[in-house]
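Source file: coords05.cif (mmCIF, C-alpha atoms, pLDDT in the B column; chains and numbers go by the auth columns)
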data_structure
loop_
_atom_site.group_PDB
_atom_site.id
_atom_site.type_symbol
_atom_site.label_atom_id
_atom_site.label_comp_id
_atom_site.label_asym_id
_atom_site.label_seq_id
_atom_site.Cartn_x
_atom_site.Cartn_y
_atom_site.Cartn_z
_atom_site.B_iso_or_equiv
_atom_site.auth_seq_id
_atom_site.auth_asym_id
ATOM 1 C CA MET A 1 0.000 0.000 0.000 39.00 118 H
ATOM 2 C CA SER A 2 1.372 3.374 -0.998 39.00 119 H
ATOM 3 C CA GLU A 3 2.707 6.000 1.396 37.00 120 H
ATOM 4 C CA ARG A 4 0.130 8.399 -0.015 41.00 121 H
ATOM 5 C CA ARG A 5 -2.671 6.178 1.240 48.00 122 H
ATOM 6 C CA LYS A 6 -1.044 5.637 4.611 51.00 123 H
ATOM 7 C CA ALA A 7 -0.535 9.354 5.171 67.00 124 H
ATOM 8 C CA MET A 8 -4.082 10.555 4.401 89.00 125 H
ATOM 9 C CA THR A 9 -6.448 10.910 7.348 95.00 126 H
ATOM 10 C CA PRO A 10 -10.215 10.541 6.827 97.00 127 H
ATOM 11 C CA LYS A 11 -10.706 14.263 7.462 96.00 128 H
ATOM 12 C CA GLU A 12 -8.038 15.122 4.870 96.00 129 H
ATOM 13 C CA LEU A 13 -9.606 12.750 2.365 97.00 130 H
ATOM 14 C CA ARG A 14 -13.081 14.175 2.911 98.00 131 H
ATOM 15 C CA ALA A 15 -11.683 17.691 2.444 97.00 132 H
ATOM 16 C CA LYS A 16 -10.207 16.657 -0.906 97.00 133 H
ATOM 17 C CA ILE A 17 -13.508 15.082 -1.897 98.00 134 H
ATOM 18 C CA ALA A 18 -15.436 18.242 -0.967 97.00 135 H
ATOM 19 C CA LYS A 19 -13.066 20.304 -3.129 97.00 136 H
ATOM 20 C CA GLY A 20 -13.562 17.980 -6.103 96.00 137 H
ATOM 21 C CA GLU A 21 -9.959 16.752 -5.919 96.00 138 H
ATOM 22 C CA PHE A 22 -10.810 13.074 -5.314 96.00 139 H
ATOM 23 C CA SER A 23 -13.524 11.118 -7.116 93.00 140 H
ATOM 24 C CA ARG A 24 -12.269 7.537 -7.507 93.00 141 H
ATOM 25 C CA PRO A 25 -13.325 4.430 -5.510 94.00 142 H
ATOM 26 C CA THR A 26 -12.260 4.529 -1.860 94.00 143 H
ATOM 27 C CA ALA A 27 -11.085 0.904 -1.484 91.00 144 H
ATOM 28 C CA GLY A 28 -7.713 0.967 0.274 89.00 145 H
ATOM 29 C CA GLU A 29 -7.989 4.595 1.349 93.00 146 H
ATOM 30 C CA CYS A 30 -7.426 5.489 5.024 94.00 147 H
ATOM 31 C CA PRO A 31 -6.716 1.913 6.141 92.00 148 H
ATOM 32 C CA GLY A 32 -7.932 1.162 9.646 92.00 149 H
ATOM 33 C CA TYR A 33 -10.971 3.465 9.383 95.00 150 H
ATOM 34 C CA ILE A 34 -14.466 2.259 8.583 96.00 151 H
ATOM 35 C CA GLN A 35 -16.248 3.239 5.406 96.00 152 H
ATOM 36 C CA MET A 36 -19.990 3.598 4.910 97.00 153 H
ATOM 37 C CA ASN A 37 -22.617 3.166 2.241 96.00 154 H
ATOM 38 C CA MET A 38 -25.194 5.959 2.097 98.00 155 H
ATOM 39 C CA VAL A 39 -28.890 6.076 1.247 98.00 156 H
ATOM 40 C CA ALA A 40 -31.026 9.221 1.449 98.00 157 H
ATOM 41 C CA LEU A 41 -34.818 8.906 1.242 98.00 158 H
ATOM 42 C CA PRO A 42 -37.783 11.250 1.638 98.00 159 H
ATOM 43 C CA ARG A 43 -39.109 11.098 5.196 97.00 160 H
ATOM 44 C CA GLN A 44 -42.303 9.269 4.176 97.00 161 H
ATOM 45 C CA TYR A 45 -40.202 6.197 3.253 97.00 162 H
ATOM 46 C CA ALA A 46 -37.605 6.415 6.029 97.00 163 H
ATOM 47 C CA GLU A 47 -39.469 4.528 8.764 97.00 164 H
ATOM 48 C CA GLY A 48 -40.270 1.645 6.440 97.00 165 H
ATOM 49 C CA PHE A 49 -36.700 1.455 5.199 98.00 166 H
ATOM 50 C CA GLU A 50 -35.357 1.470 8.754 98.00 167 H
ATOM 51 C CA ALA A 51 -37.565 -1.506 9.634 98.00 168 H
ATOM 52 C CA PHE A 52 -36.537 -3.278 6.414 98.00 169 H
ATOM 53 C CA ALA A 53 -32.853 -2.721 7.227 98.00 170 H
ATOM 54 C CA LYS A 54 -33.293 -4.156 10.738 98.00 171 H
ATOM 55 C CA ALA A 55 -34.912 -7.274 9.276 98.00 172 H
ATOM 56 C CA ASN A 56 -32.006 -7.670 6.832 98.00 173 H
ATOM 57 C CA SER A 57 -29.149 -6.440 8.990 97.00 174 H
ATOM 58 C CA LYS A 58 -26.450 -8.638 7.433 96.00 175 H
ATOM 59 C CA ALA A 59 -27.004 -6.944 4.087 96.00 176 H
ATOM 60 C CA ILE A 60 -28.066 -3.519 5.457 98.00 177 H
ATOM 61 C CA PRO A 61 -26.367 -2.870 8.830 97.00 178 H
ATOM 62 C CA VAL A 62 -27.339 0.727 9.680 98.00 179 H
ATOM 63 C CA LEU A 63 -24.801 2.485 11.941 97.00 180 H
ATOM 64 C CA GLU A 64 -26.159 6.046 11.878 98.00 181 H
ATOM 65 C CA ILE A 65 -29.363 7.790 10.797 98.00 182 H
ATOM 66 C CA VAL A 66 -29.337 11.545 10.195 98.00 183 H
ATOM 67 C CA LYS A 67 -32.947 12.705 10.444 96.00 184 H
ATOM 68 C CA GLU A 68 -32.345 16.432 10.815 95.00 185 H
ATOM 69 C CA GLY A 69 -29.941 18.282 8.528 97.00 186 H
ATOM 70 C CA HIS A 70 -27.099 16.655 6.615 98.00 187 H
ATOM 71 C CA HIS A 71 -24.154 16.470 9.029 98.00 188 H
ATOM 72 C CA THR A 72 -23.026 13.366 10.871 97.00 189 H
ATOM 73 C CA LYS A 73 -22.916 13.158 14.662 95.00 190 H
ATOM 74 C CA ILE A 74 -21.615 9.653 15.389 97.00 191 H
ATOM 75 C CA LEU A 75 -19.302 8.448 12.626 98.00 192 H
ATOM 76 C CA ALA A 76 -17.426 11.661 11.835 97.00 193 H
ATOM 77 C CA ASP A 77 -17.101 15.143 13.310 89.00 194 H
ATOM 78 C CA ARG A 78 -20.028 16.911 11.617 94.00 195 H
ATOM 79 C CA ALA A 79 -19.000 15.721 8.161 97.00 196 H
ATOM 80 C CA ASP A 80 -21.250 17.043 5.390 98.00 197 H
ATOM 81 C CA LEU A 81 -23.085 14.240 3.625 98.00 198 H
ATOM 82 C CA LEU A 82 -23.861 16.511 0.682 98.00 199 H
ATOM 83 C CA THR A 83 -20.258 16.967 -0.436 98.00 200 H
ATOM 84 C CA GLU A 84 -17.949 14.492 1.341 98.00 201 H
ATOM 85 C CA ILE A 85 -18.692 11.333 -0.650 98.00 202 H
ATOM 86 C CA PRO A 86 -16.771 11.010 -3.943 98.00 203 H
ATOM 87 C CA LYS A 87 -19.799 10.253 -6.131 98.00 204 H
ATOM 88 C CA TYR A 88 -23.557 10.040 -5.642 98.00 205 H
ATOM 89 C CA ASN A 89 -26.309 8.407 -7.696 97.00 206 H
ATOM 90 C CA ILE A 90 -29.598 10.241 -8.188 98.00 207 H
ATOM 91 C CA LEU A 91 -32.557 7.917 -8.738 98.00 208 H
ATOM 92 C CA ARG A 92 -36.045 8.917 -9.882 98.00 209 H
ATOM 93 C CA GLU A 93 -38.806 6.325 -10.177 97.00 210 H
ATOM 94 C CA GLY A 94 -36.100 3.714 -9.690 94.00 211 H
ATOM 95 C CA VAL A 95 -34.032 4.927 -12.633 97.00 212 H
ATOM 96 C CA LEU A 96 -30.473 6.207 -12.281 96.00 213 H
ATOM 97 C CA VAL A 97 -30.719 9.633 -13.889 97.00 214 H
ATOM 98 C CA GLU A 98 -27.410 11.207 -12.884 97.00 215 H
ATOM 99 C CA THR A 99 -24.135 10.598 -11.053 98.00 216 H
ATOM 100 C CA VAL A 100 -22.783 13.723 -9.360 98.00 217 H
ATOM 101 C CA LYS A 101 -20.046 14.840 -6.954 97.00 218 H
ATOM 102 C CA ASP A 102 -22.225 17.235 -4.931 98.00 219 H
ATOM 103 C CA ILE A 103 -25.878 16.740 -3.970 98.00 220 H
ATOM 104 C CA THR A 104 -26.445 20.215 -2.528 98.00 221 H
ATOM 105 C CA PRO A 105 -28.857 21.108 -5.375 98.00 222 H
ATOM 106 C CA TYR A 106 -30.947 18.024 -4.557 98.00 223 H
ATOM 107 C CA TYR A 107 -31.124 18.502 -0.807 98.00 224 H
ATOM 108 C CA THR A 108 -34.399 19.239 0.979 97.00 225 H
ATOM 109 C CA PRO A 109 -35.031 19.152 4.753 97.00 226 H
ATOM 110 C CA ASP A 110 -37.342 16.202 4.076 97.00 227 H
ATOM 111 C CA LEU A 111 -34.414 13.850 3.364 98.00 228 H
ATOM 112 C CA VAL A 112 -33.303 11.238 5.910 98.00 229 H
ATOM 113 C CA PHE A 113 -29.767 9.851 5.555 98.00 230 H
ATOM 114 C CA PHE A 114 -28.843 6.262 6.397 98.00 231 H
ATOM 115 C CA LEU A 115 -25.186 5.288 6.812 98.00 232 H
ATOM 116 C CA ILE A 116 -24.696 1.572 6.297 98.00 233 H
ATOM 117 C CA GLY A 117 -21.726 -0.651 7.121 96.00 234 H
ATOM 118 C CA CYS A 118 -19.384 -1.469 4.234 94.00 235 H
ATOM 119 C CA SER A 119 -17.164 -4.456 3.534 93.00 236 H
ATOM 120 C CA PHE A 120 -14.276 -2.110 2.663 90.00 237 H
ATOM 121 C CA SER A 121 -14.035 -1.711 6.445 92.00 238 H
ATOM 122 C CA PHE A 122 -12.774 -5.252 7.034 93.00 239 H
ATOM 123 C CA GLU A 123 -10.325 -5.290 4.140 93.00 240 H
ATOM 124 C CA THR A 124 -7.475 -4.187 6.407 91.00 241 H
ATOM 125 C CA ALA A 125 -8.098 -7.311 8.503 93.00 242 H
ATOM 126 C CA LEU A 126 -7.900 -9.513 5.405 96.00 243 H
ATOM 127 C CA ILE A 127 -4.692 -7.875 4.202 94.00 244 H
ATOM 128 C CA GLU A 128 -3.055 -8.031 7.629 94.00 245 H
ATOM 129 C CA ASN A 129 -3.935 -11.740 7.834 94.00 246 H
ATOM 130 C CA GLY A 130 -2.071 -12.569 4.626 96.00 247 H
ATOM 131 C CA MET A 131 -4.864 -12.132 2.109 97.00 248 H
ATOM 132 C CA PRO A 132 -3.872 -9.420 -0.392 95.00 249 H
ATOM 133 C CA LEU A 133 -6.794 -7.980 -2.330 96.00 250 H
ATOM 134 C CA ARG A 134 -6.375 -7.569 -6.062 95.00 251 H
ATOM 135 C CA HIS A 135 -8.778 -4.642 -6.470 94.00 252 H
ATOM 136 C CA VAL A 136 -6.929 -2.703 -3.740 92.00 253 H
ATOM 137 C CA ASP A 137 -3.494 -3.447 -5.213 93.00 254 H
ATOM 138 C CA MET A 138 -4.706 -2.394 -8.674 92.00 255 H
ATOM 139 C CA GLN A 139 -6.636 0.633 -7.338 89.00 256 H
ATOM 140 C CA LYS A 140 -9.822 -0.680 -8.900 92.00 257 H
ATOM 141 C CA ASN A 141 -13.365 -0.882 -7.640 93.00 258 H
ATOM 142 C CA VAL A 142 -14.492 -4.148 -6.063 95.00 259 H
ATOM 143 C CA ALA A 143 -16.650 -6.418 -8.250 97.00 260 H
ATOM 144 C CA MET A 144 -20.333 -6.437 -7.218 96.00 261 H
ATOM 145 C CA TYR A 145 -23.202 -8.585 -8.466 98.00 262 H
ATOM 146 C CA ASN A 146 -26.966 -8.816 -8.300 97.00 263 H
ATOM 147 C CA THR A 147 -28.089 -12.194 -6.931 98.00 264 H
ATOM 148 C CA ASN A 148 -31.189 -14.324 -6.445 98.00 265 H
ATOM 149 C CA VAL A 149 -30.821 -14.195 -2.638 98.00 266 H
ATOM 150 C CA ARG A 150 -34.164 -12.902 -1.404 97.00 267 H
ATOM 151 C CA LEU A 151 -34.391 -10.349 1.393 98.00 268 H
ATOM 152 C CA THR A 152 -37.065 -10.397 4.101 98.00 269 H
ATOM 153 C CA PRO A 153 -39.828 -8.045 2.874 97.00 270 H
ATOM 154 C CA VAL A 154 -40.996 -5.323 5.282 97.00 271 H
ATOM 155 C CA GLU A 155 -43.538 -2.524 4.752 92.00 272 H
ATOM 156 C CA GLY A 156 -43.392 -2.669 0.968 93.00 273 H
ATOM 157 C CA PHE A 157 -39.604 -2.898 0.780 96.00 274 H
ATOM 158 C CA GLU A 158 -38.438 -6.090 -0.907 96.00 275 H
ATOM 159 C CA GLY A 159 -35.863 -7.388 -3.362 96.00 276 H
ATOM 160 C CA GLU A 160 -32.642 -9.336 -3.696 97.00 277 H
ATOM 161 C CA MET A 161 -29.202 -8.993 -2.159 98.00 278 H
ATOM 162 C CA VAL A 162 -26.203 -7.502 -3.938 97.00 279 H
ATOM 163 C CA VAL A 163 -22.838 -9.089 -3.098 98.00 280 H
ATOM 164 C CA SER A 164 -19.209 -8.047 -3.400 97.00 281 H
ATOM 165 C CA MET A 165 -16.622 -10.605 -4.531 98.00 282 H
ATOM 166 C CA ARG A 166 -12.995 -11.065 -3.527 97.00 283 H
ATOM 167 C CA PRO A 167 -10.811 -13.922 -4.823 98.00 284 H
ATOM 168 C CA ILE A 168 -9.039 -15.657 -1.926 98.00 285 H
ATOM 169 C CA LYS A 169 -6.443 -18.434 -2.109 97.00 286 H
ATOM 170 C CA ARG A 170 -8.078 -21.778 -1.374 97.00 287 H
ATOM 171 C CA GLU A 171 -5.942 -22.435 1.674 98.00 288 H
ATOM 172 C CA LYS A 172 -6.956 -19.045 3.126 98.00 289 H
ATOM 173 C CA VAL A 173 -10.739 -19.355 2.730 98.00 290 H
ATOM 174 C CA ALA A 174 -11.329 -20.407 6.340 98.00 291 H
ATOM 175 C CA ASP A 175 -9.115 -17.523 7.494 98.00 292 H
ATOM 176 C CA ALA A 176 -11.222 -15.097 5.454 98.00 293 H
ATOM 177 C CA TYR A 177 -14.419 -16.321 7.116 98.00 294 H
ATOM 178 C CA GLU A 178 -12.762 -15.993 10.524 97.00 295 H
ATOM 179 C CA ALA A 179 -11.281 -12.521 9.947 97.00 296 H
ATOM 180 C CA THR A 180 -14.423 -10.922 8.533 97.00 297 H
ATOM 181 C CA GLY A 181 -16.796 -12.708 10.904 97.00 298 H
ATOM 182 C CA HIS A 182 -15.514 -10.429 13.667 96.00 299 H
ATOM 183 C CA PHE A 183 -17.133 -7.435 11.899 96.00 300 H
ATOM 184 C CA PRO A 184 -20.881 -8.183 11.824 96.00 301 H
ATOM 185 C CA GLN A 185 -21.743 -4.483 11.474 96.00 302 H
ATOM 186 C CA MET A 186 -19.691 -4.452 8.246 96.00 303 H
ATOM 187 C CA HIS A 187 -21.584 -7.459 6.767 96.00 304 H
ATOM 188 C CA GLY A 188 -19.490 -10.056 8.620 96.00 305 H
ATOM 189 C CA ALA A 189 -18.449 -13.374 7.059 97.00 306 H
ATOM 190 C CA PRO A 190 -19.208 -14.277 3.428 98.00 307 H
ATOM 191 C CA ILE A 191 -22.638 -15.682 2.593 97.00 308 H
ATOM 192 C CA HIS A 192 -21.288 -17.905 -0.197 98.00 309 H
ATOM 193 C CA SER A 193 -18.084 -19.282 -1.698 97.00 310 H
ATOM 194 C CA GLY A 194 -17.401 -20.656 -5.169 96.00 311 H
ATOM 195 C CA THR A 195 -20.182 -21.615 -7.654 96.00 312 H
ATOM 196 C CA PRO A 196 -21.450 -18.101 -8.442 98.00 313 H
ATOM 197 C CA GLU A 197 -24.308 -19.569 -10.470 98.00 314 H
ATOM 198 C CA SER A 198 -25.771 -20.969 -7.225 98.00 315 H
ATOM 199 C CA ILE A 199 -26.688 -17.434 -6.169 98.00 316 H
ATOM 200 C CA GLY A 200 -27.824 -16.279 -9.598 98.00 317 H
ATOM 201 C CA ILE A 201 -24.592 -14.856 -11.015 98.00 318 H
ATOM 202 C CA GLY A 202 -24.494 -15.900 -14.661 96.00 319 H
ATOM 203 C CA ASP A 203 -21.098 -14.516 -15.671 97.00 320 H
ATOM 204 C CA ILE A 204 -18.495 -13.831 -12.978 97.00 321 H
ATOM 205 C CA THR A 205 -16.396 -11.870 -15.493 97.00 322 H
ATOM 206 C CA ARG A 206 -19.152 -9.249 -15.907 98.00 323 H
ATOM 207 C CA PRO A 207 -20.047 -7.596 -12.593 98.00 324 H
ATOM 208 C CA ASP A 208 -23.220 -5.527 -12.344 96.00 325 H
ATOM 209 C CA TYR A 209 -21.286 -2.808 -10.471 95.00 326 H
ATOM 210 C CA GLY A 210 -17.588 -2.054 -10.062 95.00 327 H
ATOM 211 C CA ASP A 211 -14.701 -3.555 -12.037 96.00 328 H
ATOM 212 C CA PRO A 212 -14.052 -7.101 -13.256 97.00 329 H
ATOM 213 C CA ILE A 213 -11.503 -8.761 -10.966 96.00 330 H
ATOM 214 C CA GLU A 214 -9.526 -11.768 -12.219 96.00 331 H
ATOM 215 C CA ILE A 215 -9.865 -15.039 -10.336 97.00 332 H
ATOM 216 C CA LYS A 216 -6.580 -16.908 -10.665 96.00 333 H
ATOM 217 C CA GLU A 217 -5.750 -20.597 -10.451 97.00 334 H
ATOM 218 C CA GLY A 218 -5.962 -21.807 -6.865 97.00 335 H
ATOM 219 C CA GLU A 219 -8.307 -18.994 -5.806 98.00 336 H
ATOM 220 C CA VAL A 220 -11.933 -19.215 -4.692 98.00 337 H
ATOM 221 C CA PRO A 221 -14.413 -16.351 -5.195 98.00 338 H
ATOM 222 C CA LEU A 222 -15.942 -15.370 -1.848 98.00 339 H
ATOM 223 C CA PHE A 223 -19.142 -13.351 -1.749 98.00 340 H
ATOM 224 C CA TRP A 224 -20.111 -10.889 0.984 98.00 341 H
ATOM 225 C CA PRO A 225 -23.393 -8.971 1.383 97.00 342 H
ATOM 226 C CA CYS A 226 -22.976 -5.516 -0.130 96.00 343 H
ATOM 227 C CA GLY A 227 -24.305 -2.082 0.779 93.00 344 H
ATOM 228 C CA VAL A 228 -25.403 -1.538 -2.828 94.00 345 H
ATOM 229 C CA THR A 229 -28.339 -3.787 -1.910 97.00 346 H
ATOM 230 C CA PRO A 230 -30.606 -0.797 -1.034 96.00 347 H
ATOM 231 C CA GLN A 231 -29.951 0.739 -4.452 93.00 348 H
ATOM 232 C CA ASN A 232 -31.044 -2.521 -6.076 93.00 349 H
ATOM 233 C CA VAL A 233 -34.186 -2.555 -3.925 96.00 350 H
ATOM 234 C CA ILE A 234 -35.004 1.102 -4.642 95.00 351 H
ATOM 235 C CA THR A 235 -34.559 0.477 -8.371 93.00 352 H
ATOM 236 C CA LYS A 236 -36.945 -2.481 -8.384 91.00 353 H
ATOM 237 C CA MET A 237 -39.498 -0.684 -6.192 93.00 354 H
ATOM 238 C CA LYS A 238 -39.344 2.411 -8.409 95.00 355 H
ATOM 239 C CA LEU A 239 -39.370 4.826 -5.469 95.00 356 H
ATOM 240 C CA PRO A 240 -40.090 8.374 -6.698 96.00 357 H
ATOM 241 C CA PHE A 241 -36.771 9.775 -5.442 98.00 358 H
ATOM 242 C CA ALA A 242 -33.650 8.580 -3.682 98.00 359 H
ATOM 243 C CA ILE A 243 -29.957 9.381 -3.452 98.00 360 H
ATOM 244 C CA THR A 244 -27.264 6.774 -2.839 97.00 361 H
ATOM 245 C CA HIS A 245 -23.491 6.700 -2.909 97.00 362 H
ATOM 246 C CA ALA A 246 -22.141 5.516 -6.265 96.00 363 H
ATOM 247 C CA PRO A 247 -21.021 1.888 -5.794 94.00 364 H
ATOM 248 C CA GLY A 248 -17.461 1.749 -4.426 93.00 365 H
ATOM 249 C CA HIS A 249 -17.364 5.496 -3.654 96.00 366 H
ATOM 250 C CA MET A 250 -17.886 5.419 0.084 96.00 367 H
ATOM 251 C CA PHE A 251 -18.216 7.797 3.017 98.00 368 H
ATOM 252 C CA VAL A 252 -14.913 7.461 4.915 97.00 369 H
ATOM 253 C CA THR A 253 -15.461 8.010 8.638 98.00 370 H
ATOM 254 C CA ASP A 254 -13.349 9.013 11.647 97.00 371 H
ATOM 255 C CA ARG A 255 -14.100 5.733 13.454 97.00 372 H
ATOM 256 C CA LYS A 256 -11.525 2.943 13.646 96.00 373 H
ATOM 257 C CA ASP A 257 -12.395 -0.546 12.447 92.00 374 H
ATOM 258 C CA SER A 258 -11.072 -1.844 15.797 93.00 375 H
ATOM 259 C CA GLU A 259 -14.062 -0.156 17.475 96.00 376 H
ATOM 260 C CA TYR A 260 -16.382 -2.537 15.604 95.00 377 H
ATOM 261 C CA TYR A 261 -14.412 -5.742 16.148 95.00 378 H
ATOM 262 C CA GLU A 262 -16.507 -8.357 17.965 94.00 379 H
#

Would you kindly transcribe this structure into structure tokens?
Amino acid sequence: MSERRKAMTPKELRAKIAKGEFSRPTAGECPGYIQMNMVALPRQYAEGFEAFAKANSKAIPVLEIVKEGHHTKILADRADLLTEIPKYNILREGVLVETVKDITPYYTPDLVFFLIGCSFSFETALIENGMPLRHVDMQKNVAMYNTNVRLTPVEGFEGEMVVSMRPIKREKVADAYEATGHFPQMHGAPIHSGTPESIGIGDITRPDYGDPIEIKEGEVPLFWPCGVTPQNVITKMKLPFAITHAPGHMFVTDRKDSEYYE
């Protein structure tokens, strides 16, 4: 990992993002600090989504809800959720209409922000336990896929899980389950290994989100629940309006991953 990545603090990174100086995926940035997915919904849908997230907490582990304003209180020191995420997706009637770097023009006091645990947060644990990650080394986005894994429906919210994939050497698979299982608020251990077709992935070389990541001889693809799941649900439900982070472009917090180790 480069010295540039080691030297940047989350606050410094968020400042660069707010100035428009950083817009790439955040995998590997600020190692040791947790990263978050983000969903913003009109207040009329927020209570239902919160209940849906609780019923599907492995896929949608909510760590903070911002119901008034647009600054965090728990995960970072009053970070601005309108400008401190590298890229945002704007969805209308379930359709992605625009990807932007600043959602100030779209903000209304009616919006409720949900910050959701992200598997990028346990990647330091994988790396430190002898499992290098190809997308981090190559500064690419992680590969993410729609699946046929059904979520528990609640108050009109329903759909299927999105997963992220990381190739792990066969002899390290058990270690990967062990290392990530200690972070249940960041999706925890994988839900599946190998045989992508078993969870509805037709072509592992063509992710639905992120970048294709090569799976080499002697490696097994492991699949973790992914925080892009709400975007998939919102798309299928055709909600009138929603804002999410762009897949792989996360909210980097001031909280250490060690604080969430269980």

Apply the PyMOL selection byres ((chain H and resi 286) around 12) to the structure shown and report the selected residues as a ChimeraX atom specification. /H:243,247-251,283-285,287-293,310-311,332-339

I need the output of the PyMOL selection byres ((chain H and resi 220-222) around 8) for this file as a PDB file with C-alpha atoms, in the frame of the given file; which residues are they?
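Saved file result.pdb follows:
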ATOM      1  CA  LEU H 199     -23.861  16.511   0.682  1.00 98.00           C
ATOM      2  CA  THR H 200     -20.258  16.967  -0.436  1.00 98.00           C
ATOM      3  CA  TYR H 205     -23.557  10.040  -5.642  1.00 98.00           C
ATOM      4  CA  VAL H 217     -22.783  13.723  -9.360  1.00 98.00           C
ATOM      5  CA  LYS H 218     -20.046  14.840  -6.954  1.00 97.00           C
ATOM      6  CA  ASP H 219     -22.225  17.235  -4.931  1.00 98.00           C
ATOM      7  CA  TYR H 223     -30.947  18.024  -4.557  1.00 98.00           C
ATOM      8  CA  TYR H 224     -31.124  18.502  -0.807  1.00 98.00           C
TER       9      TYR H 224
END

Record the distance separating atom CA of Pro329 of chain H and atom CA of Ile316 of chain H, expressed in Å with one decimal.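 We find that atom CA of Pro329 of chain H and atom CA of Ile316 of chain H lie 17.8 Å from each other.
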
Which residue gives the smallest distance to Ala157 of chain H among H:Ser236, H:Ser140, H:Asn206, H:Ser174, with all atoms listed in the file counted?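 Counting all atoms listed in the file, the residue closest to Ala157 of chain H is H:Asn206.
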
If I put a ball of radius 6 Å at (-33.4, 14.6, 9.0) in the file's coordinates, which residues poke into it when counting all atoms listed in the file, written as a PyMOL selection string? chain H and resi 183-186+228-229

Test item: the PyMOL selection byres ((chain H and resi 354) around 8) resolved as a PyMOL selection string: chain H and resi 211+274-275+350-353+355-356

Tell me which of H:Arg131, H:Tyr377, H:Ala306, H:Thr126 sits closest to Arg195 of chain H, counting all atoms listed in the file.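 Ranked by minimum distance to Arg195 of chain H, first place goes to H:Arg131.
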
Segment 261-266 of chain H environment, 7 Å, all atoms listed in the file, sequence neighbours closer than 4 positions dropped, as a PyMOL selection string: chain H and resi 277-282+316-318+324-327

Proximity to Ile134 of chain H - best of H:Ile321, H:Asn349, H:Phe340, H:Asp197, all atoms listed in the file: H:Asp197

Rounded to one decimal place, report the atom CA of Thr225 of chain H-atom CA of Ile360 of chain H distance in Å. 11.7 Å

Just the number, please: distance in Å from atom CA of Phe231 of chain H to atom CA of Pro142 of chain H, one decimal.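 Answer for the atom CA of Phe231 of chain H to atom CA of Pro142 of chain H separation: 19.6 Å.
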
Nearby residues (all atoms listed in the file) at most 8 Å from Pro178 of chain H, same-chain spacing under 3 positions excluded, as a PyMOL selection string: chain H and resi 170-171+173-175+233-234+302-304

Once you add 5 Å to each side, what are the centre and edge lengths of the axis-aligned box holding all listed atoms of segment 185-196 of chain H? One decimal in Å, as AutoDock Vina command-line options, if you can.
--center_x -24.7 --center_y 13.4 --center_z 11.0 --size_x 25.2 --size_y 19.8 --size_z 18.8

Contacts of Gly273 of chain H within 9 Å, all atoms listed in the file, excl. fewer than 5 positions in-chain, as a VMD selection string: chain H and resid 165 to 166 169 354

Nearest to Ser375 of chain H, chosen from H:Leu158, H:Gly149, H:Arg141, H:Ala260, with all atoms listed in the file counted in the distances: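 So, comparing all the options, the nearest one is H:Gly149.
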
From the set H:Phe300, H:Tyr150, H:Phe230, H:Phe239, which residue has the shortest atom-to-atom contact distance to Pro127 of chain H, counting only C-alpha atoms? H:Tyr150

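The residue that comes closest to Pro357 of chain H, out of H:Lys373, H:Arg209, H:Lys204, H:Arg267 and on the basis of only C-alpha atoms, is H:Arg209.
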
Take the point (-8.4, 6.8, 7.3) in the file's coordinates, draw a sphere of radius 9 Å around it, and report as a PDB file with C-alpha atoms, keeping the file's coordinate frame every protein, DNA or RNA residue with an atom inside or on it, counting only C-alpha atoms.
ATOM      1  CA  ARG H 122      -2.671   6.178   1.240  1.00 48.00           C
ATOM      2  CA  LYS H 123      -1.044   5.637   4.611  1.00 51.00           C
ATOM      3  CA  ALA H 124      -0.535   9.354   5.171  1.00 67.00           C
ATOM      4  CA  MET H 125      -4.082  10.555   4.401  1.00 89.00           C
ATOM      5  CA  THR H 126      -6.448  10.910   7.348  1.00 95.00           C
ATOM      6  CA  PRO H 127     -10.215  10.541   6.827  1.00 97.00           C
ATOM      7  CA  LYS H 128     -10.706  14.263   7.462  1.00 96.00           C
ATOM      8  CA  GLU H 129      -8.038  15.122   4.870  1.00 96.00           C
ATOM      9  CA  LEU H 130      -9.606  12.750   2.365  1.00 97.00           C
ATOM     10  CA  GLU H 146      -7.989   4.595   1.349  1.00 93.00           C
ATOM     11  CA  CYS H 147      -7.426   5.489   5.024  1.00 94.00           C
ATOM     12  CA  PRO H 148      -6.716   1.913   6.141  1.00 92.00           C
ATOM     13  CA  GLY H 149      -7.932   1.162   9.646  1.00 92.00           C
ATOM     14  CA  TYR H 150     -10.971   3.465   9.383  1.00 95.00           C
ATOM     15  CA  ILE H 151     -14.466   2.259   8.583  1.00 96.00           C
ATOM     16  CA  GLN H 152     -16.248   3.239   5.406  1.00 96.00           C
ATOM     17  CA  VAL H 369     -14.913   7.461   4.915  1.00 97.00           C
ATOM     18  CA  THR H 370     -15.461   8.010   8.638  1.00 98.00           C
ATOM     19  CA  ASP H 371     -13.349   9.013  11.647  1.00 97.00           C
ATOM     20  CA  ARG H 372     -14.100   5.733  13.454  1.00 97.00           C
ATOM     21  CA  LYS H 373     -11.525   2.943  13.646  1.00 96.00           C
TER      22      LYS H 373
END
